[in-house]
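So this block is target_19.txt, compact mmCIF, C-alpha atoms (C1' of nucleotides):
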```txt
# COMPACT_ATOMS: atom_id res chain seq x y z
CA MET A 1 -21.06 -27.97 -4.14
CA ASN A 2 -22.26 -24.55 -3.36
CA PHE A 3 -20.19 -21.55 -2.43
CA GLU A 4 -22.02 -18.66 -0.95
CA ARG A 5 -22.23 -15.80 -3.37
CA ARG A 6 -20.51 -12.74 -2.05
CA ASN A 7 -22.87 -10.42 -0.26
CA THR A 8 -23.96 -7.98 -2.87
CA GLY A 9 -24.73 -5.30 -0.42
CA SER A 10 -27.85 -6.95 0.86
CA LYS A 11 -28.91 -5.81 4.30
CA ARG A 12 -29.14 -9.40 5.35
CA ALA A 13 -25.50 -10.17 4.65
CA SER A 14 -24.34 -7.00 6.36
CA ALA A 15 -26.50 -7.63 9.36
CA THR A 16 -25.22 -11.15 9.66
CA LEU A 17 -21.64 -10.09 9.46
CA LEU A 18 -22.08 -7.23 11.86
CA SER A 19 -23.77 -9.35 14.45
CA ARG A 20 -21.13 -11.98 14.05
CA ALA A 21 -18.56 -9.29 14.70
CA GLU A 22 -20.40 -8.09 17.75
CA ARG A 23 -20.63 -11.54 19.20
CA LEU A 24 -17.01 -12.26 18.49
CA CYS A 25 -15.84 -9.05 20.12
CA ARG A 26 -18.00 -9.60 23.15
CA ASP A 27 -16.66 -13.12 23.53
CA LYS A 28 -13.03 -12.19 23.10
CA ASN A 29 -13.36 -8.96 24.99
CA LEU A 30 -12.39 -6.79 22.05
CA ARG A 31 -13.78 -3.35 21.41
CA PHE A 32 -16.10 -3.08 18.45
CA THR A 33 -15.93 0.70 18.22
CA PRO A 34 -18.09 2.86 15.94
CA MET A 35 -15.22 3.36 13.52
CA ARG A 36 -14.58 -0.37 13.27
CA ARG A 37 -18.24 -1.06 12.86
CA ARG A 38 -18.53 1.59 10.21
CA VAL A 39 -15.62 0.25 8.20
CA LEU A 40 -16.88 -3.30 8.42
CA ALA A 41 -20.37 -2.17 7.43
CA GLU A 42 -19.02 -0.43 4.35
CA LEU A 43 -17.12 -3.52 3.32
CA ALA A 44 -20.15 -5.71 3.91
CA ALA A 45 -22.29 -3.37 1.85
CA SER A 46 -19.94 -3.34 -1.11
CA PRO A 47 -20.17 -5.87 -3.91
CA GLU A 48 -16.43 -5.59 -4.46
CA PRO A 49 -13.38 -5.19 -2.29
CA LEU A 50 -12.61 -1.62 -1.27
CA THR A 51 -9.25 0.05 -0.79
CA ALA A 52 -8.44 1.94 2.37
CA TYR A 53 -8.90 5.19 0.49
CA ASP A 54 -12.24 4.09 -0.92
CA LEU A 55 -13.33 3.43 2.63
CA ALA A 56 -12.00 6.76 3.84
CA ASP A 57 -14.05 8.51 1.16
CA ARG A 58 -17.20 6.69 2.17
CA VAL A 59 -16.80 7.28 5.85
CA ARG A 60 -15.99 10.92 5.14
CA GLU A 61 -19.50 11.45 3.77
CA GLU A 62 -20.55 11.36 7.37
CA LYS A 63 -17.49 12.29 9.33
CA ARG A 64 -14.01 13.53 8.59
CA VAL A 65 -11.41 10.74 8.75
CA ALA A 66 -7.79 10.40 7.81
CA PRO A 67 -6.61 7.33 5.93
CA VAL A 68 -4.59 6.17 8.89
CA THR A 69 -7.74 5.81 10.94
CA VAL A 70 -9.17 3.50 8.34
CA TYR A 71 -5.95 1.50 8.23
CA ARG A 72 -6.17 1.04 11.96
CA ALA A 73 -9.71 -0.24 11.74
CA LEU A 74 -8.68 -2.57 8.93
CA GLU A 75 -5.81 -3.92 10.96
CA PHE A 76 -8.17 -4.72 13.80
CA LEU A 77 -10.65 -6.42 11.51
CA LEU A 78 -7.89 -8.44 9.85
CA ASP A 79 -6.57 -9.60 13.20
CA ALA A 80 -10.08 -10.58 14.20
CA LYS A 81 -10.37 -12.49 10.92
CA LEU A 82 -13.50 -10.59 10.05
CA ILE A 83 -12.05 -9.45 6.74
CA HIS A 84 -9.40 -10.41 4.21
CA ARG A 85 -6.90 -8.41 2.27
CA ILE A 86 -6.98 -9.02 -1.46
CA VAL A 87 -3.35 -8.49 -2.26
CA ILE A 88 -3.64 -8.19 -6.00
CA ARG A 89 -6.10 -5.34 -5.53
CA ASN A 90 -4.65 -3.64 -2.48
CA ALA A 91 -8.17 -3.93 -1.21
CA TYR A 92 -10.21 -5.45 1.58
CA THR A 93 -13.26 -7.66 1.64
CA PRO A 94 -15.34 -9.23 4.37
CA CYS A 95 -14.75 -12.84 5.32
CA ASP A 96 -17.66 -14.92 4.11
CA HIS A 97 -16.89 -18.20 5.74
CA ALA A 98 -17.29 -17.65 9.41
CA PRO A 99 -14.57 -18.93 11.66
CA HIS A 100 -14.46 -22.43 10.22
CA HIS A 101 -11.17 -21.96 8.47
CA ASP A 102 -7.82 -21.16 9.86
CA ALA A 103 -6.21 -22.08 6.59
CA THR A 104 -6.07 -19.31 4.02
CA PRO A 105 -8.87 -19.62 1.53
CA VAL A 106 -8.49 -19.13 -2.19
CA PHE A 107 -10.01 -16.01 -3.68
CA LEU A 108 -11.46 -15.84 -7.13
CA VAL A 109 -11.30 -12.24 -8.27
CA CYS A 110 -13.31 -11.33 -11.34
CA THR A 111 -11.44 -9.05 -13.73
CA HIS A 112 -14.71 -7.91 -15.14
CA CYS A 113 -17.13 -7.16 -12.31
CA GLY A 114 -14.54 -7.07 -9.56
CA THR A 115 -16.39 -9.41 -7.24
CA VAL A 116 -14.52 -11.86 -5.10
CA GLU A 117 -15.50 -15.40 -4.33
CA GLU A 118 -13.98 -17.13 -1.39
CA ILE A 119 -13.18 -20.81 -1.48
CA PRO A 120 -12.24 -22.57 1.74
CA SER A 121 -8.89 -24.15 1.34
CA GLU A 122 -9.85 -27.60 2.49
CA THR A 123 -11.68 -27.79 -0.76
CA PHE A 124 -8.70 -26.26 -2.44
CA GLN A 125 -6.20 -28.67 -0.99
CA HIS A 126 -8.34 -31.38 -2.35
CA ASP A 127 -8.81 -30.50 -5.94
CA LEU A 128 -8.36 -26.94 -6.92
CA SER A 129 -8.96 -26.86 -10.61
CA GLY A 130 -12.03 -29.06 -10.39
CA THR A 131 -13.58 -26.75 -7.86
CA ILE A 132 -12.85 -23.67 -9.89
CA ALA A 133 -14.43 -25.23 -12.94
CA GLU A 134 -17.45 -26.13 -10.88
CA VAL A 135 -18.14 -22.57 -9.87
CA GLY A 136 -17.75 -21.53 -13.50
CA PHE A 137 -14.76 -19.30 -12.97
CA ARG A 138 -12.29 -18.84 -15.82
CA PRO A 139 -8.87 -18.27 -14.37
CA LYS A 140 -6.57 -15.85 -16.17
CA SER A 141 -3.78 -15.35 -13.69
CA ARG A 142 -2.95 -16.46 -10.23
CA VAL A 143 -1.11 -15.33 -7.19
CA PHE A 144 0.07 -18.18 -5.05
CA GLU A 145 2.79 -17.09 -2.69
CA ILE A 146 3.90 -18.57 0.56
CA GLU A 147 5.73 -16.62 3.18
CA GLY A 148 7.71 -18.28 5.91
CA GLU A 149 11.18 -19.22 6.90
CA CYS A 150 13.49 -20.98 4.48
CA ALA A 151 15.50 -24.03 5.43
CA ARG A 152 18.76 -22.14 5.81
CA CYS A 153 17.26 -19.53 8.10
CA ALA A 154 15.39 -22.11 10.12
CA LYS A 155 18.67 -23.90 10.68
CA ARG A 156 20.44 -20.73 11.71
CA GLN A 157 17.70 -19.68 14.12
CA PRO A 158 16.26 -22.96 15.36
CA ALA A 159 13.38 -21.73 17.50
CA SER A 160 11.88 -19.33 14.99
CA ALA A 161 13.62 -16.44 16.76
CA ILE A 162 12.07 -13.72 14.68
CA MET B 1 13.71 -33.69 -5.41
CA ASN B 2 15.98 -30.77 -5.88
CA PHE B 3 14.96 -27.22 -6.53
CA GLU B 4 17.61 -24.88 -7.76
CA ARG B 5 18.71 -22.47 -5.11
CA ARG B 6 18.09 -18.93 -6.14
CA ASN B 7 21.08 -17.32 -7.78
CA THR B 8 22.86 -15.62 -4.96
CA GLY B 9 24.46 -13.09 -7.20
CA SER B 10 26.90 -15.53 -8.70
CA LYS B 11 28.30 -14.41 -12.01
CA ARG B 12 27.39 -17.77 -13.43
CA ALA B 13 23.68 -17.38 -12.75
CA SER B 14 23.64 -13.85 -14.13
CA ALA B 15 25.53 -14.83 -17.22
CA THR B 16 23.14 -17.69 -17.85
CA LEU B 17 20.09 -15.56 -17.43
CA LEU B 18 21.45 -12.75 -19.57
CA SER B 19 22.39 -15.02 -22.40
CA ARG B 20 19.03 -16.69 -22.18
CA ALA B 21 17.46 -13.26 -22.48
CA GLU B 22 19.62 -12.41 -25.46
CA ARG B 23 18.73 -15.56 -27.26
CA LEU B 24 15.06 -15.16 -26.51
CA CYS B 25 14.97 -11.59 -27.77
CA ARG B 26 16.87 -12.46 -30.91
CA ASP B 27 14.48 -15.32 -31.61
CA LYS B 28 11.34 -13.31 -30.98
CA ASN B 29 12.70 -10.16 -32.56
CA LEU B 30 12.47 -8.13 -29.36
CA ARG B 31 14.89 -5.40 -28.42
CA PHE B 32 17.14 -6.23 -25.54
CA THR B 33 18.22 -2.66 -24.91
CA PRO B 34 20.95 -1.55 -22.49
CA MET B 35 18.37 -0.42 -19.94
CA ARG B 36 16.54 -3.73 -20.05
CA ARG B 37 19.80 -5.61 -19.83
CA ARG B 38 20.91 -3.48 -16.93
CA VAL B 39 17.71 -4.02 -14.97
CA LEU B 40 17.78 -7.75 -15.59
CA ALA B 41 21.44 -7.91 -14.58
CA GLU B 42 20.72 -6.16 -11.29
CA LEU B 43 17.91 -8.56 -10.54
CA ALA B 44 20.06 -11.52 -11.42
CA ALA B 45 22.84 -10.25 -9.18
CA SER B 46 20.61 -9.76 -6.17
CA PRO B 47 20.00 -12.50 -3.65
CA GLU B 48 16.55 -11.10 -2.97
CA PRO B 49 13.81 -9.51 -5.01
CA LEU B 50 14.22 -5.80 -5.67
CA THR B 51 11.58 -3.11 -5.89
CA ALA B 52 11.44 -0.73 -8.82
CA TYR B 53 12.90 1.98 -6.63
CA ASP B 54 15.70 -0.27 -5.43
CA LEU B 55 16.53 -0.85 -9.06
CA ALA B 56 16.36 2.83 -9.89
CA ASP B 57 18.86 3.55 -7.11
CA ARG B 58 21.25 0.93 -8.38
CA VAL B 59 21.06 2.00 -11.97
CA ARG B 60 21.49 5.62 -10.89
CA GLU B 61 24.96 4.84 -9.59
CA GLU B 62 25.93 4.80 -13.21
CA LYS B 63 23.37 6.88 -14.97
CA ARG B 64 20.44 9.05 -14.00
CA VAL B 65 17.09 7.29 -14.37
CA ALA B 66 13.53 8.03 -13.38
CA PRO B 67 11.43 5.30 -11.79
CA VAL B 68 9.16 5.19 -14.79
CA THR B 69 12.04 4.03 -16.95
CA VAL B 70 12.64 1.13 -14.62
CA TYR B 71 8.96 0.26 -14.64
CA ARG B 72 9.04 0.14 -18.39
CA ALA B 73 11.98 -2.21 -18.39
CA LEU B 74 10.23 -4.37 -15.79
CA GLU B 75 7.10 -4.51 -17.87
CA PHE B 76 9.10 -5.70 -20.83
CA LEU B 77 10.88 -8.36 -18.79
CA LEU B 78 7.62 -9.56 -17.28
CA ASP B 79 6.02 -9.87 -20.69
CA ALA B 80 9.02 -11.81 -21.89
CA LYS B 81 8.68 -14.06 -18.82
CA LEU B 82 12.24 -13.38 -17.84
CA ILE B 83 11.23 -12.17 -14.39
CA HIS B 84 8.41 -12.50 -11.89
CA ARG B 85 6.67 -10.02 -9.68
CA ILE B 86 6.53 -11.01 -6.04
CA VAL B 87 3.24 -9.43 -5.11
CA ILE B 88 3.59 -9.64 -1.36
CA ARG B 89 6.82 -7.70 -1.61
CA ASN B 90 6.02 -5.32 -4.46
CA ALA B 91 9.29 -6.57 -5.82
CA TYR B 92 10.75 -8.36 -8.80
CA THR B 93 12.94 -11.39 -9.17
CA PRO B 94 14.41 -13.27 -12.12
CA CYS B 95 12.70 -16.37 -13.39
CA ASP B 96 14.75 -19.40 -12.46
CA HIS B 97 12.98 -22.06 -14.37
CA ALA B 98 13.57 -21.29 -17.99
CA PRO B 99 10.58 -21.48 -20.29
CA HIS B 100 9.38 -24.89 -19.18
CA HIS B 101 6.43 -23.59 -17.29
CA ASP B 102 3.51 -21.63 -18.50
CA ALA B 103 1.70 -22.27 -15.25
CA THR B 104 2.47 -19.82 -12.47
CA PRO B 105 4.99 -21.28 -10.08
CA VAL B 106 4.73 -21.06 -6.32
CA PHE B 107 7.15 -18.76 -4.57
CA LEU B 108 8.53 -19.42 -1.14
CA VAL B 109 9.51 -16.09 0.33
CA CYS B 110 11.68 -16.18 3.43
CA THR B 111 10.63 -13.66 6.06
CA HIS B 112 14.09 -13.77 7.52
CA CYS B 113 16.63 -13.56 4.71
CA GLY B 114 14.25 -12.38 2.01
CA THR B 115 15.27 -14.97 -0.54
CA VAL B 116 12.74 -16.47 -2.86
CA GLU B 117 12.54 -20.04 -3.98
CA GLU B 118 10.55 -20.88 -7.04
CA ILE B 119 8.63 -24.12 -7.26
CA PRO B 120 7.10 -25.22 -10.54
CA SER B 121 3.40 -25.54 -10.15
CA GLU B 122 3.00 -28.99 -11.58
CA THR B 123 4.66 -30.13 -8.41
CA PHE B 124 2.43 -27.78 -6.51
CA GLN B 125 -0.74 -29.03 -8.02
CA HIS B 126 0.36 -32.44 -7.08
CA ASP B 127 1.16 -32.17 -3.46
CA LEU B 128 1.93 -28.75 -2.16
CA SER B 129 2.49 -29.28 1.49
CA GLY B 130 4.65 -32.32 0.99
CA THR B 131 6.91 -30.45 -1.34
CA ILE B 132 7.23 -27.50 0.96
CA ALA B 133 8.16 -29.74 3.83
CA GLU B 134 10.73 -31.44 1.64
CA VAL B 135 12.59 -28.22 0.93
CA GLY B 136 12.54 -27.43 4.63
CA PHE B 137 10.45 -24.32 4.33
CA ARG B 138 8.24 -23.34 7.26
CA PRO B 139 5.20 -21.56 5.95
CA LYS B 140 3.77 -18.71 8.00
CA SER B 141 1.34 -17.12 5.63
CA ARG B 142 0.22 -17.61 2.12
CA VAL B 143 -1.15 -15.67 -0.78
CA PHE B 144 -3.13 -17.75 -3.20
CA GLU B 145 -5.30 -15.63 -5.41
CA ILE B 146 -6.78 -16.35 -8.76
CA GLU B 147 -7.84 -13.69 -11.17
CA GLY B 148 -10.17 -14.35 -14.02
CA GLU B 149 -13.75 -14.05 -15.08
CA CYS B 150 -16.55 -15.18 -12.80
CA ALA B 151 -19.42 -17.30 -14.02
CA ARG B 152 -21.88 -14.42 -14.16
CA CYS B 153 -19.58 -12.24 -16.24
CA ALA B 154 -18.60 -15.09 -18.51
CA LYS B 155 -22.28 -15.65 -19.22
CA ARG B 156 -22.89 -12.00 -19.90
CA GLN B 157 -19.91 -11.66 -22.23
CA PRO B 158 -19.59 -15.08 -23.80
CA ALA B 159 -16.39 -14.72 -25.79
CA SER B 160 -14.22 -13.16 -23.07
CA ALA B 161 -14.90 -9.75 -24.58
CA ILE B 162 -12.58 -7.87 -22.28
C1' DC C 1 22.03 8.43 -48.14
C1' DG C 2 18.27 10.82 -46.00
C1' DA C 3 13.37 10.67 -44.75
C1' DT C 4 10.29 8.63 -41.77
C1' DA C 5 7.71 5.73 -38.76
C1' DG C 6 7.67 3.17 -34.65
C1' DA C 7 9.85 1.97 -30.51
C1' DA C 8 12.31 3.36 -26.54
C1' DT C 9 13.68 6.63 -23.20
C1' DG C 10 13.76 11.20 -20.68
C1' DA C 11 11.51 14.46 -17.77
C1' DT C 12 8.05 16.12 -14.89
C1' DA C 13 4.09 15.65 -12.42
C1' DT C 14 0.85 13.31 -9.86
C1' DA C 15 -1.91 9.37 -8.32
C1' DA C 16 -2.52 5.56 -5.15
C1' DC C 17 -1.28 2.97 -1.16
C1' DA C 18 0.72 2.89 3.51
C1' DT C 19 3.13 4.20 7.88
C1' DA C 20 5.47 7.28 11.55
C1' DA C 21 5.08 10.15 15.38
C1' DC C 22 2.88 12.52 18.72
C1' DA C 23 -1.12 14.73 20.85
C1' DG C 24 -5.68 14.35 22.52
C1' DT C 25 -9.83 11.69 24.00
C1' DC C 26 -12.43 8.08 25.92
C1' DA C 27 -13.68 4.23 28.81
C1' DA C 28 -12.92 0.81 32.23
C1' DC C 29 -11.21 -0.17 36.66
C1' DG C 30 -9.60 0.44 41.10
C1' DC D 1 -12.52 10.76 40.68
C1' DG D 2 -7.96 9.69 38.84
C1' DT D 3 -4.97 6.74 36.46
C1' DT D 4 -3.98 3.65 32.80
C1' DG D 5 -4.30 1.75 28.45
C1' DA D 6 -6.73 1.62 24.26
C1' DC D 7 -8.50 4.24 20.62
C1' DT D 8 -8.69 8.16 17.50
C1' DG D 9 -7.14 12.74 15.48
C1' DT D 10 -3.75 15.31 13.02
C1' DT D 11 0.06 16.18 10.32
C1' DA D 12 3.68 14.73 7.80
C1' DT D 13 6.06 11.69 5.01
C1' DG D 14 7.41 7.32 2.85
C1' DT D 15 6.66 3.99 -0.81
C1' DT D 16 4.87 2.15 -5.08
C1' DA D 17 3.00 3.09 -9.60
C1' DT D 18 1.14 5.64 -13.64
C1' DA D 19 0.03 9.67 -16.93
C1' DT D 20 1.61 12.74 -20.29
C1' DC D 21 4.27 14.77 -23.53
C1' DA D 22 8.86 15.71 -25.44
C1' DT D 23 13.04 13.76 -27.30
C1' DT D 24 16.13 10.27 -29.04
C1' DC D 25 17.19 6.12 -31.19
C1' DT D 26 16.84 2.51 -34.77
C1' DA D 27 15.31 -0.07 -38.51
C1' DT D 28 13.51 0.27 -42.98
C1' DC D 29 12.21 2.14 -47.37
C1' DG D 30 12.46 5.09 -51.29
```

Target encoding structure tokens, full file:
Amino acid sequence: MNFERRNTGSKRASATLLSRAERLCRDKNLRFTPMRRRVLAELAASPEPLTAYDLADRVREEKRVAPVTVYRALEFLLDAKLIHRIVIRNAYTPCDHAPHHDATPVFLVCTHCGTVEEIPSETFQHDLSGTIAEVGFRPKSRVFEIEGECARCAKRQPASAI
Amino acid sequence: MNFERRNTGSKRASATLLSRAERLCRDKNLRFTPMRRRVLAELAASPEPLTAYDLADRVREEKRVAPVTVYRALEFLLDAKLIHRIVIRNAYTPCDHAPHHDATPVFLVCTHCGTVEEIPSETFQHDLSGTIAEVGFRPKSRVFEIEGECARCAKRQPASAI
DNA sequence: CGATAGAATGATATAACATAACAGTCAACG
DNA sequence: CGTTGACTGTTATGTTATATCATTCTATCG
């Protein structure tokens, strides 16, 4: 079983991701603006997830930006499923596994080097711990949380009237 | 299969949790100070997870406290495994399932009423989606993240030299 | 009992992450 | 070209979390 190593800033990985983004936006008629491209490029070029403020700093080297601008770009990229948010780091990382998953993948976040490995959740559903062992990752702590509507609320508001 | 409903502020649940905390601290020679007791009691009395600042407000009704004091109490309670942190809410909630799990449980967080249901992870490992369906929860999004040491780092620093 | 060492808390400041609100700019389309 | 809607700029502020150093409490020992 072989999981793609996270792009370690190689031009190849970035280029791939950027062109994927371009194609996707063309197809879905979304606007891949310079700011969005820039933010995605920074994420693709980074070996580890970056926070919004990290990104703001990097973009600022070239052009003055406020954090909120970065957050807006991130929101767009998240919606387009081009990136993920790594909750336990308050940080963002490009999506490695093209569009072939709608299910949330599992992320393996290294406490030492900070890199993130992305495991498609079909694999996960199947046999999580085996897979983790296979990639040589030594888990120390986990975040598994599911958000949704509880039974009582679902009963009260039958048609998901949120 | 029946998962305990989260304590909805009932005096019973609080009393149980508090006495469990007392016993645990006595046994392990930890100090269950008034501040720690107070924070735990507020969490136990709340139907939903509370943030550190929520807690500070509640404690302040009685006595002036700075957020940092609450964070310290929370840290203690987390270490003692008396509470959990709900990452996707930046909030804290009492631990419902006494000491019988070392494995991280799965939390079902209702987007509507905010309550949290705690599911032991043995069950989870076994058949997550089945269990969730059984309790009537309708998942909308999930956070499954694993922190640890990646294969490369483990190789570089054999004996987990962190 | 009083000294003292370690733990806990108080107080203040500041860092880090995120959003609100409104004004200005750009780009596509008729 | 002008209008509309999407995007970005700007400023302010909200929210979550930590750093630092002073003070108080508590258990223990001489």

(message) Using all atoms listed in the file, I'd like every residue of chain A that has an atom within 12 Å of chain D; please write them out as a VMD selection string.
(response) chain A and resid 30 to 36 64 to 73 76 90

Within 8 Å of chain A, which residues of chain B are there when counting only C-alpha atoms? Please give them as number ranges by chain. B: 86-88, 104-113, 125, 135-151, 153-154, 162

Skipping near chain neighbours, those fewer than 4 positions away, what residues fall within 8 Å of A:Leu17 using only C-alpha atoms (C1' of nucleotides), listed as a VMD selection string?
-> chain A and resid 13 21 44

Near chain A, meaning an atom within 10 Å, which residues of chain C appear when counting all atoms listed in the file? Write them as an mmCIF file with C-alpha atoms (C1' of nucleotides), in the coordinates of the input.
```cif
data_model
loop_
_atom_site.group_PDB
_atom_site.id
_atom_site.type_symbol
_atom_site.label_atom_id
_atom_site.label_comp_id
_atom_site.auth_asym_id
_atom_site.auth_seq_id
_atom_site.Cartn_x
_atom_site.Cartn_y
_atom_site.Cartn_z
ATOM 1 C "C1'" DA C 16 -2.520 5.560 -5.150
ATOM 2 C "C1'" DC C 17 -1.280 2.970 -1.160
ATOM 3 C "C1'" DA C 18 0.720 2.890 3.510
ATOM 4 C "C1'" DT C 19 3.130 4.200 7.880
#
```

- Query: atom CA of A:Leu74 and atom CA of A:Val39 are how many Å apart?
  - Reply: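 Separation between atom CA of A:Leu74 and atom CA of A:Val39: 7.5 Å.
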
*By how many Å are atom CA of A:Ala80 and atom CA of A:Ser46 apart?*
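Atom-to-atom, atom CA of A:Ala80 and atom CA of A:Ser46 are spaced 19.6 Å apart.
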
- request: One decimal, Å: what's the distance from atom CA of A:Arg23 over to atom CA of A:Leu77, could you say?
  value: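 Separation of atom CA of A:Arg23 and atom CA of A:Leu77: 13.6 Å.
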
Around all the atoms of stretch 35-51 of chain B listed in the file, draw an axis-aligned box and extend it by 8 Å on each of the six sides; I want its centre and edge lengths in Å to one decimal, as JSON.
```
{"center_x": 17.2, "center_y": -6.5, "center_z": -11.5, "size_x": 27.3, "size_y": 28.1, "size_z": 33.1}
```

Using all atoms listed in the file, can you tell me which of B:Asp27, B:Glu122, B:Glu62, B:Asp54 comes closest to B:Tyr92?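 Ranked by minimum distance to B:Tyr92, first place goes to B:Asp54.
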